[in-house]
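See below for final36.csv, which holds CSV, C-alpha atoms and all ligand atoms.
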```
chain,number,residue,atom,x,y,z
A,197,MET,CA,18.2,3.6,21.1
A,198,THR,CA,16.8,0.3,19.9
A,199,TRP,CA,19.3,-2.3,18.6
A,200,GLU,CA,17.8,-5.7,18.4
A,201,GLN,CA,16.4,-8.3,16.0
A,202,ARG,CA,12.7,-8.5,15.5
A,203,TRP,CA,10.8,-11.5,14.1
A,204,HIS,CA,8.4,-10.7,11.3
A,205,PRO,CA,5.7,-13.3,11.8
A,206,LEU,CA,3.9,-12.7,8.5
A,207,ARG,CA,7.0,-13.0,6.4
A,208,ARG,CA,8.7,-15.4,8.9
A,209,GLU,CA,12.0,-13.5,8.8
A,210,TRP,CA,14.2,-11.4,11.0
A,211,ILE,CA,14.3,-7.6,10.9
A,212,VAL,CA,17.5,-6.2,12.3
A,213,VAL,CA,16.7,-2.9,14.0
A,214,ALA,CA,19.7,-0.7,14.4
A,215,ALA,CA,18.3,2.7,15.2
A,216,HIS,CA,21.6,4.0,16.4
A,217,ARG,CA,22.8,4.1,12.8
A,218,GLN,CA,20.2,6.8,11.9
A,219,HIS,CA,22.6,9.7,12.2
A,220,ARG,CA,25.7,8.3,10.8
A,221,PRO,CA,27.4,10.2,7.9
A,222,TRP,CA,25.5,9.5,4.8
A,223,ASN,CA,25.9,10.6,1.2
A,224,SER,CA,22.5,10.4,-0.4
A,225,GLU,CA,20.4,11.6,-3.1
A,226,GLN,CA,18.5,14.7,-2.0
A,227,VAL,CA,14.7,14.5,-2.5
A,228,SER,CA,13.3,17.8,-3.2
A,229,ARG,CA,10.8,19.2,-0.7
A,230,THR,CA,9.7,22.0,-2.9
A,231,GLU,CA,6.2,21.6,-4.1
A,232,ARG,CA,5.0,22.8,-7.4
A,233,ALA,CA,1.5,24.3,-7.4
A,234,LEU,CA,-0.7,22.0,-9.5
A,235,PRO,CA,-3.7,23.0,-11.6
A,236,GLU,CA,-7.2,21.4,-11.0
A,237,HIS,CA,-7.0,20.2,-14.6
A,238,ALA,CA,-3.8,19.6,-16.6
A,239,SER,CA,-4.0,19.6,-20.3
A,240,ASP,CA,-1.0,17.3,-20.7
A,241,CYS,CA,-2.2,14.7,-18.1
A,242,TYR,CA,-3.5,11.4,-19.5
A,243,LEU,CA,-5.6,10.9,-16.4
A,244,CYS,CA,-7.5,14.1,-16.4
A,245,PRO,CA,-11.1,14.2,-17.7
A,246,ARG,CA,-11.6,14.8,-21.5
A,247,ASN,CA,-7.8,14.3,-22.2
A,248,PRO,CA,-6.4,11.8,-24.8
A,249,ARG,CA,-4.4,8.9,-23.7
A,250,VAL,CA,-1.5,7.2,-25.5
A,251,SER,CA,-3.8,4.6,-26.9
A,252,GLY,CA,-5.7,7.3,-28.7
A,253,ALA,CA,-8.7,6.8,-26.4
A,254,ARG,CA,-10.1,9.9,-24.8
A,255,ASN,CA,-11.1,10.0,-21.2
A,256,PRO,CA,-14.8,10.8,-20.5
A,257,ASP,CA,-15.8,13.9,-18.6
A,258,TYR,CA,-15.9,11.8,-15.5
A,259,GLU,CA,-16.9,12.6,-12.0
A,260,GLY,CA,-15.8,10.7,-8.9
A,261,VAL,CA,-13.8,7.5,-9.5
A,262,PHE,CA,-12.8,6.5,-13.1
A,263,VAL,CA,-11.4,3.1,-14.0
A,264,PHE,CA,-9.8,2.1,-17.4
A,265,ASP,CA,-7.6,-0.7,-18.8
A,266,ASN,CA,-3.9,0.3,-18.6
A,267,ASP,CA,-2.6,1.4,-22.0
A,268,HIS,CA,0.8,-0.2,-21.2
A,269,PRO,CA,-0.2,-3.3,-19.4
A,270,CYS,CA,2.4,-5.7,-17.9
A,271,VAL,CA,-0.2,-8.4,-17.9
A,272,GLY,CA,-3.1,-8.4,-20.3
A,273,PRO,CA,-5.4,-10.3,-22.6
A,274,LEU,CA,-3.3,-9.3,-25.6
A,275,ALA,CA,-0.1,-11.0,-24.2
A,276,PRO,CA,1.2,-13.6,-26.7
A,277,SER,CA,-0.4,-17.0,-26.0
A,278,GLU,CA,1.9,-19.0,-28.3
A,279,LEU,CA,5.4,-19.1,-26.8
A,280,ALA,CA,8.5,-20.8,-27.9
A,281,ALA,CA,9.6,-23.3,-25.3
A,282,PRO,CA,12.9,-22.4,-23.6
A,283,PRO,CA,15.7,-24.9,-23.2
A,284,GLY,CA,16.2,-27.4,-20.4
A,285,ILE,CA,14.6,-26.8,-17.0
A,286,TYR,CA,13.5,-23.3,-17.9
A,287,ARG,CA,9.7,-22.6,-18.1
A,288,ASN,CA,7.6,-19.8,-19.4
A,289,ARG,CA,3.9,-19.1,-19.8
A,290,PRO,CA,1.7,-16.2,-21.1
A,291,ALA,CA,1.5,-13.0,-19.2
A,292,SER,CA,-2.2,-13.2,-19.1
A,293,GLY,CA,-4.3,-11.1,-16.8
A,294,VAL,CA,-5.7,-7.6,-16.6
A,295,ALA,CA,-4.0,-4.3,-15.7
A,296,ARG,CA,-6.2,-1.3,-14.8
A,297,VAL,CA,-5.8,2.3,-13.6
A,298,VAL,CA,-8.1,3.8,-11.0
A,299,CYS,CA,-8.3,7.6,-10.9
A,300,TYR,CA,-9.5,8.6,-7.5
A,301,THR,CA,-11.0,11.9,-8.6
A,302,PRO,CA,-11.1,14.2,-11.7
A,303,ARG,CA,-9.1,16.8,-9.7
A,304,HIS,CA,-5.4,16.7,-10.8
A,305,ASP,CA,-4.3,18.7,-7.8
A,306,LEU,CA,-5.6,16.5,-5.0
A,307,SER,CA,-4.4,13.3,-3.3
A,308,LEU,CA,-6.0,10.4,-1.3
A,309,ALA,CA,-5.4,12.5,1.9
A,310,GLN,CA,-7.4,15.4,0.5
A,311,LEU,CA,-10.5,13.4,-0.4
A,312,ASP,CA,-13.4,13.6,2.0
A,313,VAL,CA,-14.6,10.4,3.8
A,314,PRO,CA,-17.5,9.7,1.5
A,315,SER,CA,-15.1,9.9,-1.5
A,316,VAL,CA,-12.8,7.4,0.2
A,317,VAL,CA,-15.8,5.2,0.9
A,318,ARG,CA,-16.7,5.3,-2.7
A,319,LEU,CA,-13.2,4.4,-3.7
A,320,MET,CA,-13.4,1.4,-1.5
A,321,GLU,CA,-16.7,0.4,-3.2
A,322,VAL,CA,-14.9,0.6,-6.5
A,323,TRP,CA,-12.0,-1.6,-5.2
A,324,GLN,CA,-14.7,-4.1,-4.1
A,325,GLU,CA,-16.5,-4.0,-7.4
A,326,GLN,CA,-13.2,-4.4,-9.3
A,327,TYR,CA,-12.2,-7.3,-7.1
A,328,ARG,CA,-15.5,-9.1,-7.7
A,329,GLU,CA,-15.3,-8.5,-11.5
A,330,LEU,CA,-11.7,-9.5,-11.9
A,331,ALA,CA,-11.9,-12.5,-9.6
A,332,ALA,CA,-14.6,-13.9,-11.8
A,333,ARG,CA,-12.3,-14.2,-14.8
A,334,LYS,CA,-11.0,-17.7,-15.3
A,335,GLU,CA,-7.3,-16.8,-15.8
A,336,VAL,CA,-7.1,-14.6,-12.7
A,337,ARG,CA,-5.6,-16.0,-9.6
A,338,TYR,CA,-4.7,-12.8,-7.8
A,339,VAL,CA,-6.0,-9.2,-7.7
A,340,LEU,CA,-3.3,-6.8,-6.5
A,341,VAL,CA,-4.4,-3.2,-5.8
A,342,PHE,CA,-1.6,-0.8,-5.2
A,343,GLU,CA,-0.7,2.9,-5.3
A,344,ASN,CA,2.8,4.2,-6.0
A,345,ARG,CA,2.9,7.8,-4.8
A,346,GLY,CA,5.8,10.2,-5.5
A,347,GLU,CA,8.6,10.6,-7.9
A,348,VAL,CA,11.0,8.7,-5.6
A,349,VAL,CA,8.9,5.6,-6.3
A,350,GLY,CA,8.9,6.3,-10.0
A,351,VAL,CA,5.6,8.2,-10.4
A,352,SER,CA,6.0,11.3,-12.5
A,353,ASN,CA,2.2,12.0,-12.8
A,354,PRO,CA,0.8,13.5,-9.6
A,355,HIS,CA,-2.8,12.9,-10.6
A,356,PRO,CA,-4.2,10.7,-7.7
A,357,HIS,CA,-4.5,7.2,-8.9
A,358,CYS,CA,-3.8,3.6,-8.2
A,359,GLN,CA,-3.3,0.4,-10.3
A,360,ILE,CA,-4.8,-3.1,-10.3
A,361,TYR,CA,-2.9,-6.1,-11.6
A,362,ALA,CA,-5.1,-9.1,-11.9
A,363,THR,CA,-2.6,-11.9,-12.5
A,364,ASN,CA,-2.4,-15.6,-13.2
A,365,PHE,CA,0.0,-16.1,-10.3
A,366,VAL,CA,-0.1,-15.3,-6.6
A,367,PHE,CA,2.4,-12.6,-5.5
A,368,LYS,CA,5.3,-13.8,-3.4
A,369,TYR,CA,4.5,-11.8,-0.2
A,370,ILE,CA,1.0,-13.1,-0.3
A,371,GLU,CA,2.2,-16.7,-0.6
A,372,THR,CA,4.5,-16.1,2.4
A,373,GLU,CA,1.7,-14.6,4.4
A,374,LEU,CA,-0.6,-17.4,3.5
A,375,HIS,CA,1.9,-20.0,4.6
A,376,ALA,CA,2.5,-18.2,7.8
A,377,GLY,CA,-1.2,-17.8,8.5
A,378,ALA,CA,-2.0,-21.5,7.7
A,379,ARG,CA,0.8,-22.7,9.9
A,380,HIS,CA,-0.2,-20.5,12.8
A,381,LEU,CA,-3.8,-21.7,12.5
A,382,ALA,CA,-2.8,-25.3,12.4
A,383,GLU,CA,-0.5,-24.9,15.5
A,384,THR,CA,-2.7,-22.6,17.6
A,385,GLY,CA,-6.2,-22.6,16.2
A,386,ARG,CA,-5.9,-18.8,15.9
A,387,VAL,CA,-5.7,-16.3,13.1
A,388,LEU,CA,-2.1,-15.0,13.1
A,389,PHE,CA,-3.1,-11.4,12.3
A,390,GLN,CA,-5.5,-11.4,15.3
A,391,ASP,CA,-2.5,-12.3,17.5
A,392,VAL,CA,-0.6,-9.4,15.9
A,393,LEU,CA,-3.5,-7.1,16.7
A,394,ALA,CA,-3.6,-8.4,20.2
A,395,ALA,CA,0.1,-7.8,20.7
A,396,GLU,CA,-0.2,-4.3,19.3
A,397,ARG,CA,-3.0,-3.5,21.6
A,398,GLN,CA,-1.1,-4.9,24.6
A,399,ASP,CA,1.8,-2.5,23.9
A,400,GLY,CA,-0.3,0.3,22.5
A,401,ARG,CA,2.6,2.7,21.6
A,402,ARG,CA,2.4,2.0,17.8
A,403,ILE,CA,-1.3,2.3,17.2
A,404,ILE,CA,-1.8,5.5,15.3
A,405,SER,CA,-5.5,5.5,14.3
A,406,GLU,CA,-8.7,3.6,15.3
A,407,GLN,CA,-12.4,3.4,14.6
A,408,ARG,CA,-14.9,0.9,16.0
A,409,SER,CA,-14.1,-1.8,13.4
A,410,ALA,CA,-10.7,-0.7,12.0
A,411,ILE,CA,-7.2,0.1,13.1
A,412,ALA,CA,-3.8,1.4,11.9
A,413,PHE,CA,-0.5,0.8,13.4
A,414,VAL,CA,3.3,0.8,12.8
A,415,PRO,CA,4.0,-2.9,13.3
A,416,TYR,CA,6.5,-4.0,15.9
A,417,PHE,CA,8.4,-5.7,13.0
A,418,ALA,CA,8.4,-2.7,10.7
A,419,ARG,CA,11.0,-2.8,7.9
A,420,TYR,CA,10.6,0.7,6.7
A,421,ALA,CA,10.8,3.8,9.0
A,422,TYR,CA,7.1,4.8,8.5
A,423,GLU,CA,5.6,1.5,7.6
A,424,VAL,CA,1.9,1.3,8.5
A,425,TYR,CA,-0.6,-1.5,8.4
A,426,VAL,CA,-4.3,-0.6,8.1
A,427,ALA,CA,-6.9,-3.4,8.7
A,428,PRO,CA,-10.4,-4.2,9.7
A,429,LEU,CA,-10.7,-5.8,13.1
A,430,ARG,CA,-12.7,-8.7,11.8
A,431,SER,CA,-10.8,-11.4,9.9
A,432,VAL,CA,-12.0,-11.2,6.3
A,433,THR,CA,-9.9,-12.5,3.5
A,434,THR,CA,-10.6,-9.8,0.8
A,435,ILE,CA,-11.9,-6.3,0.6
A,436,ALA,CA,-15.1,-7.6,-1.0
A,437,ASP,CA,-16.1,-9.2,2.4
A,438,LEU,CA,-16.4,-5.9,4.2
A,439,ASP,CA,-19.9,-4.7,5.2
A,440,ASP,CA,-21.0,-1.1,5.0
A,441,ALA,CA,-20.0,-0.1,8.5
A,442,GLU,CA,-16.6,-1.8,8.2
A,443,ARG,CA,-16.0,-0.1,4.8
A,444,ARG,CA,-16.7,3.3,6.4
A,445,ASP,CA,-14.5,2.7,9.4
A,446,LEU,CA,-11.7,1.5,7.3
A,447,ALA,CA,-12.0,4.4,4.9
A,448,THR,CA,-11.9,6.8,7.8
A,449,VAL,CA,-8.7,5.2,9.2
A,450,LEU,CA,-7.1,5.0,5.8
A,451,ARG,CA,-7.7,8.6,5.2
A,452,ASP,CA,-6.4,9.5,8.6
A,453,VAL,CA,-3.2,7.7,8.0
A,454,VAL,CA,-2.4,9.4,4.7
A,455,ILE,CA,-3.2,12.8,6.3
A,456,ARG,CA,-0.7,12.0,9.0
A,457,PHE,CA,1.9,11.1,6.4
A,458,ASP,CA,1.5,14.4,4.5
A,459,ASN,CA,1.3,16.4,7.8
A,460,LEU,CA,4.5,14.8,9.1
A,461,TRP,CA,6.9,17.0,7.0
A,462,ARG,CA,4.2,19.2,5.4
A,463,MET,CA,4.9,17.7,2.0
A,464,PRO,CA,3.3,15.1,-0.3
A,465,PHE,CA,4.6,11.9,1.4
A,466,PRO,CA,5.8,9.2,-1.0
A,467,TYR,CA,4.8,5.6,-0.4
A,468,VAL,CA,3.9,2.3,-1.9
A,469,MET,CA,0.5,1.2,-0.7
A,470,ALA,CA,-0.7,-2.4,-1.3
A,471,LEU,CA,-3.9,-4.2,-0.4
A,472,HIS,CA,-3.0,-7.7,0.8
A,473,GLN,CA,-5.9,-10.1,0.1
A,474,ALA,CA,-6.2,-13.8,-0.2
A,475,PRO,CA,-5.9,-15.3,-3.6
A,476,VAL,CA,-8.9,-15.6,-5.8
A,477,LYS,CA,-8.4,-19.3,-6.5
A,478,GLY,CA,-6.3,-22.2,-5.4
A,479,HIS,CA,-6.4,-21.4,-1.6
A,480,ASP,CA,-9.3,-21.1,0.8
A,481,GLY,CA,-7.7,-18.1,2.6
A,482,ARG,CA,-8.1,-19.8,6.0
A,483,GLY,CA,-5.9,-18.0,8.5
A,484,PHE,CA,-5.5,-14.9,6.2
A,485,HIS,CA,-6.6,-11.4,7.3
A,486,PHE,CA,-7.1,-8.7,4.7
A,487,HIS,CA,-5.0,-5.6,5.3
A,488,PHE,CA,-3.3,-2.6,3.7
A,489,GLU,CA,0.4,-2.1,3.9
A,490,PHE,CA,2.2,1.2,3.4
A,491,HIS,CA,5.9,1.1,2.6
A,492,PRO,CA,7.2,4.7,2.5
A,493,PRO,CA,10.8,5.0,1.1
A,494,LEU,CA,11.8,8.1,3.0
A,495,ARG,CA,13.5,8.1,6.4
A,496,ARG,CA,13.7,11.8,6.6
A,497,PRO,CA,12.4,14.6,4.3
A,498,ASN,CA,15.4,14.3,2.0
A,499,LEU,CA,16.8,10.9,2.8
A,500,LEU,CA,15.8,7.7,1.0
A,501,LYS,CA,16.0,4.3,2.6
A,502,TYR,CA,18.3,2.5,0.2
A,503,LEU,CA,18.0,-1.2,-0.3
A,504,ALA,CA,21.5,-2.5,-0.4
A,505,GLY,CA,23.7,-5.4,0.8
A,506,PRO,CA,21.5,-6.9,3.6
A,507,GLU,CA,18.2,-6.3,1.8
A,508,ILE,CA,19.0,-7.0,-1.8
A,509,GLY,CA,22.0,-9.1,-1.3
A,510,GLY,CA,20.8,-11.1,1.6
A,511,GLY,CA,17.0,-10.7,1.6
A,512,ASN,CA,16.7,-9.4,5.2
A,513,PHE,CA,16.0,-5.8,6.2
A,514,LEU,CA,18.2,-3.7,8.3
A,515,SER,CA,16.1,-1.0,9.8
A,516,ASP,CA,17.8,2.2,10.8
A,517,THR,CA,14.9,3.5,12.8
A,518,CYS,CA,12.8,2.4,15.8
A,519,ALA,CA,9.1,1.6,15.2
A,520,GLU,CA,8.0,3.2,18.5
A,521,GLU,CA,9.7,6.5,17.7
A,522,LYS,CA,8.3,6.7,14.2
A,523,ALA,CA,4.8,5.8,15.4
A,524,ALA,CA,5.0,8.6,18.0
A,525,GLU,CA,5.8,11.0,15.2
A,526,LEU,CA,2.8,9.9,13.2
A,527,ILE,CA,0.5,10.0,16.3
A,528,ALA,CA,1.6,13.7,16.7
A,529,ALA,CA,0.9,14.5,13.1
A,530,GLY,CA,-2.9,14.1,13.3
A,531,GLY,CA,-5.7,16.6,12.7
A,532,ARG,CA,-6.6,18.3,9.4
A,533,HIS,CA,-4.5,18.0,6.3
A,534,TYR,CA,-1.9,20.7,6.2
A,535,LYS,CA,-3.3,22.0,2.9
A,536,SER,CA,-6.9,21.9,4.1
A,537,THR,CA,-8.7,25.3,3.9
A,538,ASP,CA,-11.7,24.0,5.8
A,539,VAL,CA,-12.9,26.1,8.7
A,540,ALA,CA,-12.6,23.9,11.7
A,601,ZN,ZN,-4.6,14.9,-14.2
A,602,ZN,ZN,0.6,-8.2,4.2
```

Write out the structure in this file as structure tokens.
Amino acid sequence: MTWEQRWHPLRREWIVVAAHRQHRPWNSEQVSRTERALPEHASDCYLCPRNPRVSGARNPDYEGVFVFDNDHPCVGPLAPSELAAPPGIYRNRPASGVARVVCYTPRHDLSLAQLDVPSVVRLMEVWQEQYRELAARKEVRYVLVFENRGEVVGVSNPHPHCQIYATNFVFKYIETELHAGARHLAETGRVLFQDVLAAERQDGRRIISEQRSAIAFVPYFARYAYEVYVAPLRSVTTIADLDDAERRDLATVLRDVVIRFDNLWRMPFPYVMALHQAPVKGHDGRGFHFHFEFHPPLRRPNLLKYLAGPEIGGGNFLSDTCAEEKAAELIAAGGRHYKSTDVA
């Protein structure tokens, strides 16, 4: 059993790995494993083709990927621009930006893991197009693409989709990674993420998927049980920098990872997926390496990882599991998606 501290070089913080605590008595919320059968089109889904949304707009009869402005944006062009100044040292500013929703497919009953490779490649192209378009807006400093999947991360609508927040600020984790990358570059002349990749290859036990120009692994410093990073091998700062071959390889690896997630417990596997890219403005991105991060909240099929004293109170993660063991489980969960009806 692993019981040690692990340094997280991107966040520059310590992770306490205490895998021996995994089986201690635990009262926790049960997460249901039962799966409801979903229709291909749901009449009450605001993401399905032809259906009305809360704004009153009606979705087109779309095929493939469909993007629209979020009807309940947390950042948006309509955010009040005239604000009353708060007292003293307090500061405020308009929540300007753009929030969008990206439907992966018109099919209500599918998931990212059930799309074929060309469809995932097309989704990546849309992410690239969205990045370029949103980055060109003068108020936008950061483009965060993320997917929340599963009711345990607060998503009640199973229709496969992700969101984009194009914000006037740079997200905290990105700032942390930028500083770590810039410092490492200044000290060693090397890209930090390349040194992470080299260390992962040297060990090898946590690499769960690979193509010629892309890789997926459970990082040595994982904070969540089934945390996975997916990245191109070449250091690029944003998804827009990928060429055709890299996009295809990355799509193949990304799809393989989410298939493994679902196959693990033969259930739709909840996660938060985020694309970590360099900021649009205000930083040249030197030393930064674009990657996807998956943060799955479950430790076992019905057991949530709760963030509590050490994480919320102190800001450092206490991991109850060992990255090598969790990677081995994902390595063993490969092959076709468990719901696939394809003939091999
Ligand atoms: Zn739907
Ligand atoms: Zn990151």

Mind dumping a table of every segment 252-356 of chain A residue within 8 Å of segment 461-466 of chain A, with the nearest atom pair and its distance in Å to one decimal, using all atoms listed in the file, sorted by chain and rising number, as a Markdown table?
```
| residue | atom | partner | partner_atom | distance |
| --- | --- | --- | --- | --- |
| A:Asn344 | CA | A:Pro466 | CA | 7.7 |
| A:Arg345 | CA | A:Pro466 | CA | 5.0 |
| A:Gly346 | CA | A:Pro466 | CA | 4.6 |
| A:Glu347 | CA | A:Pro466 | CA | 7.6 |
| A:Val348 | CA | A:Pro466 | CA | 7.0 |
| A:Val349 | CA | A:Pro466 | CA | 7.1 |
```

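If all atoms listed in the file are the atoms counted, then among A:Phe486, A:Trp210, A:Phe264, A:Trp323 the closest residue to ligand ZN 602 (chain A) is A:Phe486.
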
Listing only residues of chain A within 12 Å of ligand ZN 602 (chain A), what is the closest atom pair and its distance in Å (to one decimal) for each, using all atoms listed in the file, sorted by chain and residue number ascending, as JSON lines?
```
{"residue": "A:His204", "atom": "CA", "partner": "A:ZN602", "partner_atom": "ZN", "distance": 10.8}
{"residue": "A:Pro205", "atom": "CA", "partner": "A:ZN602", "partner_atom": "ZN", "distance": 10.5}
{"residue": "A:Leu206", "atom": "CA", "partner": "A:ZN602", "partner_atom": "ZN", "distance": 7.0}
{"residue": "A:Arg207", "atom": "CA", "partner": "A:ZN602", "partner_atom": "ZN", "distance": 8.3}
{"residue": "A:Arg208", "atom": "CA", "partner": "A:ZN602", "partner_atom": "ZN", "distance": 11.8}
{"residue": "A:Leu340", "atom": "CA", "partner": "A:ZN602", "partner_atom": "ZN", "distance": 11.5}
{"residue": "A:Phe367", "atom": "CA", "partner": "A:ZN602", "partner_atom": "ZN", "distance": 10.8}
{"residue": "A:Lys368", "atom": "CA", "partner": "A:ZN602", "partner_atom": "ZN", "distance": 10.5}
{"residue": "A:Tyr369", "atom": "CA", "partner": "A:ZN602", "partner_atom": "ZN", "distance": 6.9}
{"residue": "A:Ile370", "atom": "CA", "partner": "A:ZN602", "partner_atom": "ZN", "distance": 6.7}
{"residue": "A:Glu371", "atom": "CA", "partner": "A:ZN602", "partner_atom": "ZN", "distance": 9.9}
{"residue": "A:Thr372", "atom": "CA", "partner": "A:ZN602", "partner_atom": "ZN", "distance": 9.0}
{"residue": "A:Glu373", "atom": "CA", "partner": "A:ZN602", "partner_atom": "ZN", "distance": 6.5}
{"residue": "A:Leu374", "atom": "CA", "partner": "A:ZN602", "partner_atom": "ZN", "distance": 9.3}
{"residue": "A:His375", "atom": "CA", "partner": "A:ZN602", "partner_atom": "ZN", "distance": 11.9}
{"residue": "A:Ala376", "atom": "CA", "partner": "A:ZN602", "partner_atom": "ZN", "distance": 10.8}
{"residue": "A:Gly377", "atom": "CA", "partner": "A:ZN602", "partner_atom": "ZN", "distance": 10.7}
{"residue": "A:Leu388", "atom": "CA", "partner": "A:ZN602", "partner_atom": "ZN", "distance": 11.5}
{"residue": "A:Phe389", "atom": "CA", "partner": "A:ZN602", "partner_atom": "ZN", "distance": 9.5}
{"residue": "A:Val392", "atom": "CA", "partner": "A:ZN602", "partner_atom": "ZN", "distance": 11.8}
{"residue": "A:Pro415", "atom": "CA", "partner": "A:ZN602", "partner_atom": "ZN", "distance": 11.1}
{"residue": "A:Ala418", "atom": "CA", "partner": "A:ZN602", "partner_atom": "ZN", "distance": 11.5}
{"residue": "A:Glu423", "atom": "CA", "partner": "A:ZN602", "partner_atom": "ZN", "distance": 11.4}
{"residue": "A:Val424", "atom": "CA", "partner": "A:ZN602", "partner_atom": "ZN", "distance": 10.5}
{"residue": "A:Tyr425", "atom": "CA", "partner": "A:ZN602", "partner_atom": "ZN", "distance": 8.0}
{"residue": "A:Val426", "atom": "CA", "partner": "A:ZN602", "partner_atom": "ZN", "distance": 9.8}
{"residue": "A:Ala427", "atom": "CA", "partner": "A:ZN602", "partner_atom": "ZN", "distance": 10.0}
{"residue": "A:Thr433", "atom": "CA", "partner": "A:ZN602", "partner_atom": "ZN", "distance": 11.4}
{"residue": "A:Thr434", "atom": "CA", "partner": "A:ZN602", "partner_atom": "ZN", "distance": 11.8}
{"residue": "A:Met469", "atom": "CA", "partner": "A:ZN602", "partner_atom": "ZN", "distance": 10.6}
{"residue": "A:Ala470", "atom": "CA", "partner": "A:ZN602", "partner_atom": "ZN", "distance": 8.1}
{"residue": "A:Leu471", "atom": "CA", "partner": "A:ZN602", "partner_atom": "ZN", "distance": 7.6}
{"residue": "A:His472", "atom": "CA", "partner": "A:ZN602", "partner_atom": "ZN", "distance": 5.0}
{"residue": "A:Gln473", "atom": "CA", "partner": "A:ZN602", "partner_atom": "ZN", "distance": 7.9}
{"residue": "A:Ala474", "atom": "CA", "partner": "A:ZN602", "partner_atom": "ZN", "distance": 9.8}
{"residue": "A:Phe484", "atom": "CA", "partner": "A:ZN602", "partner_atom": "ZN", "distance": 9.3}
{"residue": "A:His485", "atom": "CA", "partner": "A:ZN602", "partner_atom": "ZN", "distance": 8.5}
{"residue": "A:Phe486", "atom": "CA", "partner": "A:ZN602", "partner_atom": "ZN", "distance": 7.7}
{"residue": "A:His487", "atom": "CA", "partner": "A:ZN602", "partner_atom": "ZN", "distance": 6.3}
{"residue": "A:Phe488", "atom": "CA", "partner": "A:ZN602", "partner_atom": "ZN", "distance": 6.8}
{"residue": "A:Glu489", "atom": "CA", "partner": "A:ZN602", "partner_atom": "ZN", "distance": 6.1}
{"residue": "A:Phe490", "atom": "CA", "partner": "A:ZN602", "partner_atom": "ZN", "distance": 9.6}
{"residue": "A:His491", "atom": "CA", "partner": "A:ZN602", "partner_atom": "ZN", "distance": 10.8}
```

Can I get the selected residues back with C-alpha atoms, as a compact mmCIF listing (two decimals), in the frame of the given file?
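Result went into selection-v3.txt, see below:
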```
# COMPACT_ATOMS: atom_id res chain seq x y z
CA HIS A 204 8.40 -10.70 11.30
CA PRO A 205 5.70 -13.30 11.80
CA LEU A 206 3.90 -12.70 8.50
CA ARG A 207 7.00 -13.00 6.40
CA ARG A 208 8.70 -15.40 8.90
CA LEU A 340 -3.30 -6.80 -6.50
CA PHE A 367 2.40 -12.60 -5.50
CA LYS A 368 5.30 -13.80 -3.40
CA TYR A 369 4.50 -11.80 -0.20
CA ILE A 370 1.00 -13.10 -0.30
CA GLU A 371 2.20 -16.70 -0.60
CA THR A 372 4.50 -16.10 2.40
CA GLU A 373 1.70 -14.60 4.40
CA LEU A 374 -0.60 -17.40 3.50
CA HIS A 375 1.90 -20.00 4.60
CA ALA A 376 2.50 -18.20 7.80
CA GLY A 377 -1.20 -17.80 8.50
CA LEU A 388 -2.10 -15.00 13.10
CA PHE A 389 -3.10 -11.40 12.30
CA VAL A 392 -0.60 -9.40 15.90
CA PRO A 415 4.00 -2.90 13.30
CA ALA A 418 8.40 -2.70 10.70
CA GLU A 423 5.60 1.50 7.60
CA VAL A 424 1.90 1.30 8.50
CA TYR A 425 -0.60 -1.50 8.40
CA VAL A 426 -4.30 -0.60 8.10
CA ALA A 427 -6.90 -3.40 8.70
CA THR A 433 -9.90 -12.50 3.50
CA THR A 434 -10.60 -9.80 0.80
CA MET A 469 0.50 1.20 -0.70
CA ALA A 470 -0.70 -2.40 -1.30
CA LEU A 471 -3.90 -4.20 -0.40
CA HIS A 472 -3.00 -7.70 0.80
CA GLN A 473 -5.90 -10.10 0.10
CA ALA A 474 -6.20 -13.80 -0.20
CA PHE A 484 -5.50 -14.90 6.20
CA HIS A 485 -6.60 -11.40 7.30
CA PHE A 486 -7.10 -8.70 4.70
CA HIS A 487 -5.00 -5.60 5.30
CA PHE A 488 -3.30 -2.60 3.70
CA GLU A 489 0.40 -2.10 3.90
CA PHE A 490 2.20 1.20 3.40
CA HIS A 491 5.90 1.10 2.60
```

(message) Can you measure atom CA of Ala362 of chain A to atom CA of Val432 of chain A for me? One decimal in Å is fine.
(response)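 It comes out at 19.6 Å.
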
(request) Residues up to 6 Å from ligand ZN 601 (chain A), counting all atoms listed in the file: could you list those as a VMD selection string? (result) chain A and resid 237 to 238 241 243 to 244 304 355

(message) What's around Gly400 of chain A at 10 Å? Count all atoms listed in the file, leave out sequence neighbours fewer than 6 positions away in its own chain, and write the answer as a ChimeraX atom specification.
(response) /A:393-394,413,520

(message) Could you check the closest approach to Lys535 of chain A for each of A:Ser405, A:Asn459, A:Ser515, A:Ser239 and tell me which residue wins, using all atoms listed in the file?
(response) A:Asn459

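For the pair atom CA of Glu521 of chain A and atom CA of Gly509 of chain A, the separation is 27.5 Å.
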
(message) Just checking: using all atoms listed in the file, which residue out of A:Val322, A:Val263, A:Val294, A:Val468 ends up closest to Lys334 of chain A?
(response) A:Val294
